[in-house]
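Pasted below: work-v3.csv, CSV, C-alpha atoms and all ligand atoms.
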chain,number,residue,atom,x,y,z
A,131,MET,CA,216.2,1.2,69.4
A,132,LYS,CA,215.0,4.6,68.1
A,133,ILE,CA,217.3,7.6,68.5
A,134,GLY,CA,216.0,11.2,68.4
A,135,VAL,CA,218.5,13.8,67.1
A,136,ILE,CA,218.1,17.5,67.5
A,137,GLY,CA,219.4,18.9,64.2
A,138,GLY,CA,219.3,17.2,60.8
A,139,GLY,CA,222.6,18.2,59.1
A,140,GLN,CA,225.5,16.1,58.0
A,141,LEU,CA,226.5,15.1,61.6
A,142,GLY,CA,223.0,13.6,62.1
A,143,ARG,CA,223.3,11.9,58.7
A,144,MET,CA,226.6,10.3,59.6
A,145,LEU,CA,225.2,9.3,63.0
A,146,ALA,CA,222.4,7.4,61.2
A,147,LEU,CA,224.9,5.9,58.8
A,148,ALA,CA,226.8,4.5,61.8
A,149,GLY,CA,223.8,3.4,63.8
A,150,THR,CA,221.7,1.7,61.1
A,151,PRO,CA,223.9,-1.4,61.0
A,152,LEU,CA,223.4,-1.7,64.8
A,153,GLY,CA,219.6,-1.9,64.2
A,154,MET,CA,219.0,1.7,65.3
A,155,ASN,CA,216.3,3.9,63.7
A,156,PHE,CA,216.4,7.7,63.7
A,157,ALA,CA,214.1,10.7,63.9
A,158,PHE,CA,215.6,14.2,63.3
A,159,LEU,CA,214.0,17.4,64.5
A,160,ASP,CA,215.1,20.3,62.2
A,161,PRO,CA,213.1,23.2,60.8
A,162,ALA,CA,215.0,23.2,57.5
A,163,PRO,CA,212.9,21.6,54.6
A,164,ASP,CA,216.1,20.3,53.0
A,165,ALA,CA,217.8,18.8,56.2
A,166,CYS,CA,220.3,16.4,54.7
A,167,ALA,CA,219.8,13.7,57.4
A,168,ALA,CA,216.2,13.3,56.4
A,169,ALA,CA,217.3,10.8,53.8
A,170,LEU,CA,218.3,8.4,56.6
A,171,GLY,CA,215.3,8.7,59.0
A,172,GLU,CA,212.1,10.4,59.9
A,173,HIS,CA,212.2,14.2,59.6
A,174,ILE,CA,210.1,16.1,62.1
A,175,ARG,CA,210.1,19.6,60.6
A,176,ALA,CA,209.7,22.0,63.4
A,177,ASP,CA,211.4,24.8,65.3
A,178,TYR,CA,213.6,23.8,68.2
A,179,GLY,CA,211.2,25.6,70.6
A,180,ASP,CA,208.0,23.9,69.2
A,181,GLN,CA,206.8,22.0,72.3
A,182,ASP,CA,204.2,20.0,70.4
A,183,HIS,CA,206.7,18.5,68.1
A,184,LEU,CA,209.3,18.1,70.8
A,185,ARG,CA,206.7,16.1,72.7
A,186,GLN,CA,206.1,14.0,69.6
A,187,LEU,CA,209.8,13.3,69.2
A,188,ALA,CA,210.1,12.4,72.9
A,189,ASP,CA,207.1,10.0,72.6
A,190,GLU,CA,208.6,8.2,69.6
A,191,VAL,CA,212.2,7.6,70.6
A,192,ASP,CA,214.1,5.8,73.4
A,193,LEU,CA,216.6,8.7,73.9
A,194,VAL,CA,217.5,12.1,72.5
A,195,THR,CA,220.9,13.4,71.4
A,196,PHE,CA,222.2,16.5,69.6
A,197,GLU,CA,224.2,17.2,66.5
A,198,PHE,CA,224.8,20.9,67.4
A,199,GLU,CA,225.2,22.7,70.7
A,200,SER,CA,223.3,25.9,70.1
A,201,VAL,CA,220.0,24.3,71.1
A,202,PRO,CA,218.0,26.5,73.5
A,203,ALA,CA,218.4,25.4,77.1
A,204,GLU,CA,214.6,25.3,77.4
A,205,THR,CA,214.4,22.7,74.6
A,206,VAL,CA,216.7,20.4,76.5
A,207,ALA,CA,214.9,21.0,79.8
A,208,PHE,CA,211.5,20.3,78.2
A,209,LEU,CA,212.7,17.1,76.5
A,210,SER,CA,214.4,15.8,79.7
A,211,GLN,CA,211.1,15.6,81.4
A,212,PHE,CA,209.9,12.8,79.0
A,213,VAL,CA,213.0,11.0,77.7
A,214,PRO,CA,216.7,10.5,78.6
A,215,VAL,CA,218.8,13.2,76.9
A,216,TYR,CA,222.6,12.8,76.3
A,217,PRO,CA,224.8,14.8,76.8
A,218,SER,CA,223.0,16.4,79.7
A,219,ALA,CA,221.4,19.9,79.8
A,220,ALA,CA,224.2,21.0,82.2
A,221,ALA,CA,226.9,19.9,79.7
A,222,LEU,CA,225.2,21.7,76.8
A,223,ARG,CA,224.7,24.9,78.9
A,224,ILE,CA,228.5,25.1,79.5
A,225,ALA,CA,229.6,24.0,76.0
A,226,ARG,CA,227.4,26.5,74.1
A,227,ASP,CA,228.8,29.5,76.0
A,228,ARG,CA,232.4,30.5,75.6
A,229,TRP,CA,232.4,32.3,79.0
A,230,PHE,CA,231.1,29.3,80.9
A,231,GLU,CA,233.5,26.9,79.2
A,232,LYS,CA,236.6,29.0,79.7
A,233,SER,CA,235.6,29.6,83.3
A,234,LEU,CA,235.3,25.8,83.8
A,235,PHE,CA,238.7,25.2,82.2
A,236,GLN,CA,240.2,27.7,84.6
A,237,GLU,CA,238.5,26.1,87.6
A,238,LEU,CA,239.9,22.7,86.5
A,239,GLY,CA,243.4,24.0,86.1
A,240,ILE,CA,243.4,23.7,82.3
A,241,PRO,CA,245.5,26.5,80.7
A,242,THR,CA,243.5,29.0,78.5
A,243,PRO,CA,244.3,32.3,76.8
A,244,ALA,CA,243.7,35.3,79.1
A,245,PHE,CA,240.0,36.1,78.8
A,246,ALA,CA,237.4,38.5,80.0
A,247,ASP,CA,233.6,38.9,79.8
A,248,VAL,CA,232.4,41.8,77.6
A,249,GLN,CA,228.9,43.2,77.9
A,250,SER,CA,229.5,46.6,76.4
A,251,GLN,CA,232.1,48.7,74.5
A,252,ALA,CA,233.3,50.1,77.9
A,253,ASP,CA,233.9,46.5,79.1
A,254,LEU,CA,235.8,45.8,75.9
A,255,ASP,CA,238.0,48.9,76.3
A,256,ALA,CA,238.8,47.8,79.9
A,257,ALA,CA,239.4,44.2,78.8
A,258,VAL,CA,241.8,45.4,76.0
A,259,ALA,CA,243.7,47.5,78.6
A,260,ALA,CA,244.1,44.4,80.8
A,261,ILE,CA,244.8,41.7,78.2
A,262,GLY,CA,246.5,43.8,75.5
A,263,LEU,CA,246.6,43.5,71.7
A,264,PRO,CA,246.4,41.5,69.6
A,265,ALA,CA,243.2,39.8,71.0
A,266,VAL,CA,240.2,38.1,69.7
A,267,LEU,CA,236.6,39.3,70.4
A,268,LYS,CA,234.1,36.5,70.1
A,269,THR,CA,230.3,36.2,70.7
A,270,ARG,CA,229.7,34.0,73.8
A,271,THR,CA,227.2,31.9,72.0
A,272,LEU,CA,226.2,30.9,68.4
A,273,GLY,CA,229.7,31.4,66.8
A,274,TYR,CA,230.9,28.7,64.4
A,275,ASP,CA,233.4,28.3,61.5
A,276,GLY,CA,235.1,31.6,62.4
A,277,LYS,CA,231.8,33.5,62.4
A,278,GLY,CA,230.9,35.8,65.3
A,279,GLN,CA,234.5,36.8,66.0
A,280,LYS,CA,236.9,39.5,65.2
A,281,VAL,CA,240.7,39.8,65.6
A,282,LEU,CA,241.7,43.1,67.1
A,283,ARG,CA,245.3,44.0,66.2
A,284,LYS,CA,245.5,47.7,66.7
A,285,ALA,CA,243.7,50.4,68.8
A,286,THR,CA,241.5,51.5,65.9
A,287,ASP,CA,240.2,47.9,65.5
A,288,VAL,CA,238.8,48.2,69.0
A,289,VAL,CA,236.6,51.2,68.3
A,290,GLY,CA,233.0,50.1,67.7
A,291,ALA,CA,234.0,46.4,67.7
A,292,PHE,CA,231.3,45.4,70.2
A,293,ALA,CA,228.6,46.9,68.0
A,294,GLU,CA,230.1,45.2,64.9
A,295,LEU,CA,229.5,41.8,66.6
A,296,GLY,CA,225.9,42.8,67.2
A,297,SER,CA,226.1,44.3,70.7
A,298,VAL,CA,225.6,40.8,72.2
A,299,SER,CA,227.4,39.1,75.2
A,300,CYS,CA,231.0,38.6,74.1
A,301,ILE,CA,234.3,37.3,75.5
A,302,LEU,CA,237.7,38.8,74.8
A,303,GLU,CA,240.6,36.4,74.5
A,304,GLY,CA,244.3,37.1,74.3
A,305,PHE,CA,245.6,36.2,70.8
A,306,VAL,CA,247.6,32.9,71.1
A,307,PRO,CA,250.7,32.8,68.7
A,308,PHE,CA,250.2,29.0,68.4
A,309,THR,CA,252.5,26.7,66.5
A,310,GLY,CA,249.6,24.3,65.8
A,311,GLU,CA,246.0,23.5,66.5
A,312,VAL,CA,245.0,20.0,67.7
A,313,SER,CA,241.8,18.4,68.9
A,314,LEU,CA,241.1,15.4,71.0
A,315,ILE,CA,238.0,13.4,70.4
A,316,ALA,CA,236.9,11.6,73.5
A,317,VAL,CA,234.0,9.4,74.4
A,318,ARG,CA,232.5,8.5,77.8
A,319,GLY,CA,229.8,5.9,78.4
A,320,ARG,CA,226.9,6.0,80.7
A,321,ASP,CA,228.9,3.8,83.1
A,322,GLY,CA,231.9,6.2,83.1
A,323,GLU,CA,234.0,4.1,80.7
A,324,ARG,CA,236.3,6.5,78.6
A,325,ARG,CA,238.2,6.2,75.3
A,326,PHE,CA,240.3,8.8,73.5
A,327,TYR,CA,241.2,8.9,69.8
A,328,PRO,CA,244.7,9.9,68.8
A,329,LEU,CA,245.3,13.7,68.8
A,330,VAL,CA,244.4,15.3,65.4
A,331,HIS,CA,246.3,18.2,63.8
A,332,ASN,CA,244.0,20.7,62.2
A,333,THR,CA,244.5,23.3,59.6
A,334,HIS,CA,241.9,26.1,59.0
A,335,ASP,CA,241.3,28.5,56.1
A,336,ASN,CA,239.3,31.6,57.0
A,337,GLY,CA,238.2,30.0,60.3
A,338,ILE,CA,236.8,26.9,58.5
A,339,LEU,CA,238.5,23.5,59.1
A,340,ARG,CA,240.2,22.4,55.9
A,341,LEU,CA,242.5,19.5,56.8
A,342,SER,CA,242.7,17.1,59.8
A,343,VAL,CA,245.6,14.6,60.2
A,344,ALA,CA,245.5,12.0,62.9
A,345,SER,CA,248.8,11.8,64.7
A,346,THR,CA,250.9,8.8,65.7
A,347,ALA,CA,252.3,8.8,69.3
A,348,HIS,CA,251.9,12.6,69.7
A,349,PRO,CA,254.0,13.8,72.6
A,350,LEU,CA,251.0,15.8,74.0
A,351,GLN,CA,248.6,12.9,73.9
A,352,ALA,CA,248.8,12.1,77.6
A,353,LEU,CA,248.5,15.8,78.6
A,354,ALA,CA,245.5,16.3,76.4
A,355,GLU,CA,243.8,13.2,77.8
A,356,ASP,CA,244.4,14.4,81.3
A,357,TYR,CA,242.8,17.8,80.5
A,358,VAL,CA,239.8,16.3,78.6
A,359,GLY,CA,239.3,13.7,81.3
A,360,ARG,CA,238.9,16.5,83.9
A,361,VAL,CA,236.0,18.0,81.9
A,362,LEU,CA,234.4,14.6,81.2
A,363,GLU,CA,234.3,13.8,84.9
A,364,ARG,CA,233.2,17.2,86.1
A,365,LEU,CA,230.3,17.2,83.7
A,366,ASP,CA,229.5,13.4,84.2
A,367,TYR,CA,229.6,13.5,80.4
A,368,VAL,CA,227.9,10.9,78.2
A,369,GLY,CA,228.7,10.8,74.5
A,370,VAL,CA,231.5,12.1,72.3
A,371,LEU,CA,233.1,15.4,73.3
A,372,ALA,CA,235.6,17.2,71.1
A,373,PHE,CA,238.2,19.5,72.7
A,374,GLU,CA,240.2,21.9,70.6
A,375,PHE,CA,243.6,23.1,71.8
A,376,PHE,CA,246.3,25.5,70.7
A,377,GLU,CA,249.8,24.0,70.7
A,378,ILE,CA,252.2,26.5,72.2
A,379,ASP,CA,255.6,26.4,73.9
A,380,GLY,CA,255.5,22.6,74.0
A,381,GLY,CA,252.2,22.6,75.9
A,382,LEU,CA,248.5,23.1,75.3
A,383,LYS,CA,246.1,26.0,75.8
A,384,ALA,CA,242.4,25.2,75.7
A,385,ASN,CA,240.3,26.8,72.9
A,386,GLU,CA,236.9,25.3,73.0
A,387,ILE,CA,234.8,22.1,73.5
A,388,ALA,CA,232.0,20.8,71.3
A,389,PRO,CA,229.5,18.5,73.1
A,390,ARG,CA,229.0,16.3,70.0
A,391,VAL,CA,230.7,14.5,67.2
A,392,HIS,CA,233.1,16.8,65.4
A,393,ASN,CA,234.4,17.6,62.0
A,394,SER,CA,238.0,16.9,63.1
A,395,GLY,CA,236.8,13.3,63.9
A,396,HIS,CA,235.4,12.5,60.5
A,397,TRP,CA,238.5,10.6,59.6
A,398,THR,CA,237.5,7.9,62.2
A,399,ILE,CA,234.8,6.5,59.8
A,400,GLU,CA,237.4,4.7,57.8
A,401,GLY,CA,240.6,5.6,59.8
A,402,ALA,CA,239.7,4.0,63.2
A,403,GLU,CA,238.4,0.7,64.4
A,404,CYS,CA,235.2,2.3,65.6
A,405,SER,CA,234.1,5.7,64.3
A,406,GLN,CA,233.3,8.7,66.5
A,407,PHE,CA,229.7,8.3,65.3
A,408,GLU,CA,229.3,4.7,66.3
A,409,ASN,CA,231.0,5.4,69.6
A,410,HIS,CA,228.7,8.3,70.3
A,411,LEU,CA,225.7,6.1,69.7
A,412,ARG,CA,227.2,3.3,71.8
A,413,ALA,CA,227.8,5.7,74.7
A,414,VAL,CA,224.3,7.3,74.7
A,415,ALA,CA,222.7,3.9,74.3
A,416,GLY,CA,224.5,2.4,77.2
A,417,LEU,CA,226.4,-0.1,75.1
A,418,PRO,CA,230.1,-1.0,75.5
A,419,LEU,CA,232.5,1.4,73.7
A,420,GLY,CA,234.5,0.5,70.6
A,421,SER,CA,238.2,0.7,70.0
A,422,THR,CA,239.5,4.1,69.2
A,423,ALA,CA,242.7,2.7,67.6
A,424,LYS,CA,243.9,4.1,64.3
A,425,LEU,CA,244.1,1.9,61.2
A,426,GLY,CA,247.4,3.0,59.7
A,427,GLU,CA,247.8,6.7,58.8
A,428,SER,CA,244.7,8.8,58.2
A,429,ALA,CA,243.6,12.3,57.2
A,430,MET,CA,240.4,14.1,56.3
A,431,LEU,CA,239.9,16.9,53.8
A,432,ASN,CA,236.8,19.0,53.8
A,433,PHE,CA,234.9,19.8,50.6
A,434,ILE,CA,233.8,23.4,51.1
A,435,GLY,CA,231.4,24.9,48.5
A,436,GLU,CA,231.4,21.9,46.2
A,437,VAL,CA,232.3,18.3,45.9
A,438,PRO,CA,235.0,17.6,43.3
A,439,PRO,CA,234.2,15.2,40.5
A,440,LEU,CA,233.4,11.8,42.1
A,441,ALA,CA,235.1,9.6,39.5
A,442,GLN,CA,238.4,11.4,39.9
A,443,ALA,CA,238.3,11.6,43.7
A,444,ILE,CA,237.6,7.9,44.2
A,445,ALA,CA,240.2,6.9,41.7
A,446,ILE,CA,242.8,8.2,44.2
A,447,GLN,CA,244.0,5.2,46.2
A,448,ASP,CA,242.1,4.7,49.5
A,449,CYS,CA,240.2,8.0,49.1
A,450,HIS,CA,236.8,7.6,50.7
A,451,VAL,CA,234.3,10.2,49.6
A,452,HIS,CA,231.4,11.4,51.8
A,453,HIS,CA,228.9,13.6,49.9
A,454,TYR,CA,226.4,15.1,52.4
A,455,GLY,CA,223.6,15.6,49.8
A,456,LYS,CA,223.5,19.3,50.5
A,457,ALA,CA,223.1,22.1,47.9
A,458,PHE,CA,226.5,23.5,46.9
A,459,LYS,CA,227.1,27.0,48.3
A,460,ALA,CA,230.3,29.0,48.8
A,461,GLY,CA,231.7,28.5,52.3
A,462,ARG,CA,229.4,25.6,53.1
A,463,LYS,CA,230.7,22.2,54.2
A,464,VAL,CA,229.2,19.9,51.6
A,465,GLY,CA,231.3,16.8,52.0
A,466,HIS,CA,234.7,15.4,52.9
A,467,ALA,CA,237.2,12.8,52.0
A,468,THR,CA,239.0,10.4,54.3
A,469,LEU,CA,242.4,9.2,53.3
A,470,ARG,CA,244.1,6.2,54.6
A,471,SER,CA,247.5,4.8,54.1
A,472,ALA,CA,250.1,2.4,55.5
A,473,ASN,CA,252.7,5.2,55.8
A,474,ARG,CA,252.9,9.0,56.2
A,475,ALA,CA,254.8,9.6,52.9
A,476,THR,CA,251.9,7.9,50.9
A,477,LEU,CA,249.3,9.8,52.9
A,478,ASP,CA,251.0,13.1,52.1
A,479,ARG,CA,250.9,12.2,48.4
A,480,GLN,CA,247.2,11.4,48.7
A,481,ILE,CA,246.5,14.7,50.5
A,482,THR,CA,248.3,16.6,47.7
A,483,ALA,CA,246.2,14.7,45.0
A,484,VAL,CA,242.9,15.5,46.7
A,485,GLU,CA,243.9,19.1,47.3
A,486,SER,CA,244.7,19.6,43.6
A,487,LEU,CA,241.3,18.1,42.7
A,488,ILE,CA,239.6,20.6,45.1
A,489,GLU,CA,241.5,23.5,43.6
A,490,LYS,CA,240.4,22.5,40.1
A,491,ALA,CA,236.8,22.0,41.1
B,1,LIG,P1,237.0,29.2,67.3
B,1,LIG,O1,235.7,29.4,66.7
B,1,LIG,O2,237.1,29.7,68.7
B,1,LIG,O3,237.5,27.7,67.3
B,1,LIG,O4,238.0,30.0,66.4
B,1,LIG,C1,238.2,29.7,65.0
B,1,LIG,C2,239.7,29.8,64.7
B,1,LIG,O5,240.2,31.1,65.0
B,1,LIG,C3,240.6,28.9,65.6
B,1,LIG,O6,240.6,27.6,65.0
B,1,LIG,C4,241.9,29.6,65.5
B,1,LIG,O7,242.6,29.4,64.2
B,1,LIG,C5,241.5,31.1,65.5
B,1,LIG,N1,241.5,31.6,66.9
B,1,LIG,C6,240.5,31.5,67.8
B,1,LIG,N2,240.8,32.0,69.0
B,1,LIG,C7,242.1,32.4,68.9
B,1,LIG,C8,243.0,33.0,69.8
B,1,LIG,N3,242.6,33.3,71.1
B,1,LIG,N4,244.3,33.2,69.4
B,1,LIG,C9,244.6,32.9,68.1
B,1,LIG,N5,243.8,32.4,67.2
B,1,LIG,C10,242.5,32.1,67.6
Could I get this structure in the form of structure tokens?
Amino acid sequence: MKIGVIGGGQLGRMLALAGTPLGMNFAFLDPAPDACAAALGEHIRADYGDQDHLRQLADEVDLVTFEFESVPAETVAFLSQFVPVYPSAAALRIARDRWFEKSLFQELGIPTPAFADVQSQADLDAAVAAIGLPAVLKTRTLGYDGKGQKVLRKATDVVGAFAELGSVSCILEGFVPFTGEVSLIAVRGRDGERRFYPLVHNTHDNGILRLSVASTAHPLQALAEDYVGRVLERLDYVGVLAFEFFEIDGGLKANEIAPRVHNSGHWTIEGAECSQFENHLRAVAGLPLGSTAKLGESAMLNFIGEVPPLAQAIAIQDCHVHHYGKAFKAGRKVGHATLRSANRATLDRQITAVESLIEKA
């Protein structure tokens, strides 16, 4: 089976690493000359709107999937004429736009921060009057890793904020004084079979995910599965979906969904029976899903900017290094480590050991 992937970054690379043992081959469509997934499959170097190359991809593969959600809707619609595309164009349309996704959560009875659509500075002023400060102004599309957003704490922060984000469609959200951030990685097959991984506790630095720790018997697991299940069913979703929540007052408020494999699920490569990458491929290929059970305690630390010295990192017990083969650059995700342990105390010591290597690098 040959899988076409829109995007050729580390997520595409890890999809190929998971699918190759299953006999799958891969073609990645990505305009970047140095797309890091190219080492694992064919690289069709073209823009996402290039219909000739999209047609070439469609002709070569059995199905198409995505490693990022900011794909133009026309690209998905075009491909869908020739080849099965998972997740669907409708799911991508919602997940790539913060207004559509929050509106869907509200419709499905999933709690969210207060939010308002902002198309101008006047809209922003009105939204701030209604929602209050502090609040977070975010672009509706194309934001990632804390980019395309601004926290508004006082009245002077509001002045000119719409222009600062580029005068594009935005959403204003009430600031959530959360006690924690968690994500649930779910997978749904073509036949509607569903599996959920354990809730993951996430820590960010400057808007970029730094540490994910898989939880054991989290008290909000069932609630999170209920919320995510509503979205999976409504969208008739096929593939892996990541859902990020704020933990507050013993409950959850929805932040956002990603219609793809997700950084907070990287621990599953060594930390779960079947990784998010393999399960995504199983789902889109119409194969039975794999177990999402955790293997002991597990955590993931991102390598941002550079990968620490390999020999020292892999000398740490049960530290599994993933180097994405990307050029090192400040603020860029260039690799990660999965840690695995029989108990939480040892896991915490492993996390500290990797953190100190990262600090020294
Ligand atoms: P996002 O790109 O929406 O996931 O936002 C990146 C990070 O900014 C989140 O992981 C939170 O740490 C923070 N953040 C985003 N939205 C809010 C909010 N409404 N209230 C408080 N913090 C937020």
I'd like a table as a tab-separated table: residues in chain A with an atom no more than 10 Å from ligand LIG 1 (chain B), each row giving the shortest atom pair and its distance in Å to one decimal, only C-alpha atoms and all ligand atoms counted, sorted by chain and rising residue number.
residue	atom	partner	partner_atom	distance
A:Arg228	CA	B:LIG1	O2	8.4
A:Thr242	CA	B:LIG1	N3	8.6
A:Pro243	CA	B:LIG1	N3	6.0
A:Ala244	CA	B:LIG1	N3	8.3
A:Phe245	CA	B:LIG1	N3	8.6
A:Pro264	CA	B:LIG1	N4	8.6
A:Ala265	CA	B:LIG1	N3	6.5
A:Val266	CA	B:LIG1	N3	5.5
A:Leu267	CA	B:LIG1	N3	8.5
A:Lys268	CA	B:LIG1	O2	7.6
A:Thr269	CA	B:LIG1	O1	9.6
A:Arg270	CA	B:LIG1	O2	10.0
A:Leu272	CA	B:LIG1	O1	9.8
A:Gly273	CA	B:LIG1	O1	6.3
A:Tyr274	CA	B:LIG1	O1	5.4
A:Asp275	CA	B:LIG1	O1	5.8
A:Gly276	CA	B:LIG1	C1	4.5
A:Lys277	CA	B:LIG1	O1	7.1
A:Gly278	CA	B:LIG1	O1	8.1
A:Gln279	CA	B:LIG1	O1	7.5
A:Lys280	CA	B:LIG1	O5	9.0
A:Val281	CA	B:LIG1	C10	8.2
A:Leu302	CA	B:LIG1	N3	8.2
A:Glu303	CA	B:LIG1	N3	5.0
A:Gly304	CA	B:LIG1	N3	5.3
A:Phe305	CA	B:LIG1	N4	3.6
A:Val306	CA	B:LIG1	N4	3.7
A:Pro307	CA	B:LIG1	C9	6.1
A:Phe308	CA	B:LIG1	C9	6.8
A:Gly310	CA	B:LIG1	O7	8.8
A:Glu311	CA	B:LIG1	O6	6.9
A:Val312	CA	B:LIG1	O6	9.2
A:Asn332	CA	B:LIG1	O6	8.2
A:Thr333	CA	B:LIG1	O7	7.9
A:His334	CA	B:LIG1	O7	6.2
A:Asp335	CA	B:LIG1	O7	8.3
A:Asn336	CA	B:LIG1	C2	7.9
A:Gly337	CA	B:LIG1	C2	4.7
A:Ile338	CA	B:LIG1	C1	7.2
A:Leu339	CA	B:LIG1	O6	7.5
A:Phe373	CA	B:LIG1	O3	9.8
A:Glu374	CA	B:LIG1	O3	7.2
A:Phe375	CA	B:LIG1	O6	8.7
A:Phe376	CA	B:LIG1	C4	8.0
A:Lys383	CA	B:LIG1	N3	9.4
A:Ala384	CA	B:LIG1	N3	9.3
A:Asn385	CA	B:LIG1	O2	6.0
A:Glu386	CA	B:LIG1	O2	6.2
A:Ile387	CA	B:LIG1	O3	8.8
A:Ala388	CA	B:LIG1	O3	9.7
So, with all atoms listed in the file as the atoms that count, which of A:Thr309, A:Ser297, A:Gln186, A:Ser394 lies closest to Arg340 of chain A? A:Ser394
I'd like to know which of A:Cys449, A:Ala352, A:Met154, A:Ala165 is closest to Gly138 of chain A, using only C-alpha atoms.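 Using only C-alpha atoms, Gly138 of chain A sits closest to A:Ala165.
Across the structure, atom CA of Tyr327 of chain A and atom CA of Phe156 of chain A are spaced 25.6 Å apart.
Nearest-residue note for Phe407 of chain A: choosing from A:Thr468, A:Gln447, A:Thr422, A:Ser313, the minimum distance belongs to A:Thr422, counting only C-alpha atoms.
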For a quick check of understanding, using all atoms listed in the file, which of A:Asp287, A:Cys300, A:Glu190, A:Pro214 has the smallest distance to Asp247 of chain A? A:Cys300
Which residues are close to Arg364 of chain A, i.e. within 12 Å by all atoms listed in the file, leaving aside same-chain residues fewer than 3 positions away? Reply as a PyMOL selection string. chain A and resi 220-221+224+231+234-235+237-238+322+357-361+367-368
Work out how far apart atom CA of Ala257 of chain A and atom CA of Thr286 of chain A are and give it in Å to one decimal.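 Pair atom CA of Ala257 of chain A / atom CA of Thr286 of chain A returns 15.0 Å.
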Could you tell me how far atom CA of Val451 of chain A lies from atom CA of His396 of chain A, in Å and to one decimal?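 According to the coordinates, atom CA of Val451 of chain A and atom CA of His396 of chain A are separated by 11.2 Å.
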Pick from A:Ala472, A:Ile301, A:Val258, A:Ala148 nearest to Ala285 of chain A, counting only C-alpha atoms: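 Checking each of A:Ala472, A:Ile301, A:Val258, A:Ala148 against Ala285 of chain A, counting only C-alpha atoms, the winner is A:Val258.
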Every residue with an atom at most 12 Å from (222.0, 14.0, 74.3) (file coordinates; all atoms listed in the file) is what I'm after, so could you write them as a PyMOL selection string? chain A and resi 133-137+192-199+201+205-207+209-210+213-222+319-320+367-371+389-391+410-411+413-415
I'd like to know which of A:Asn393, A:Thr271, A:Ser421, A:Gln442 is closest to Leu295 of chain A, using all atoms listed in the file. A:Thr271
Which residues are near Gln181 of chain A? Cut-off 8 Å, only C-alpha atoms, ignore same chain within fewer than 3 positions. Put them as a PyMOL selection string. chain A and resi 184-185+205+208
Which residues are close to segment 478-481 of chain A, i.e. within 12 Å by all atoms listed in the file, leaving aside same-chain residues fewer than 6 positions away? Reply as a VMD selection string. chain A and resid 340 to 343 427 to 432 443 to 450 467 to 472 487 to 488
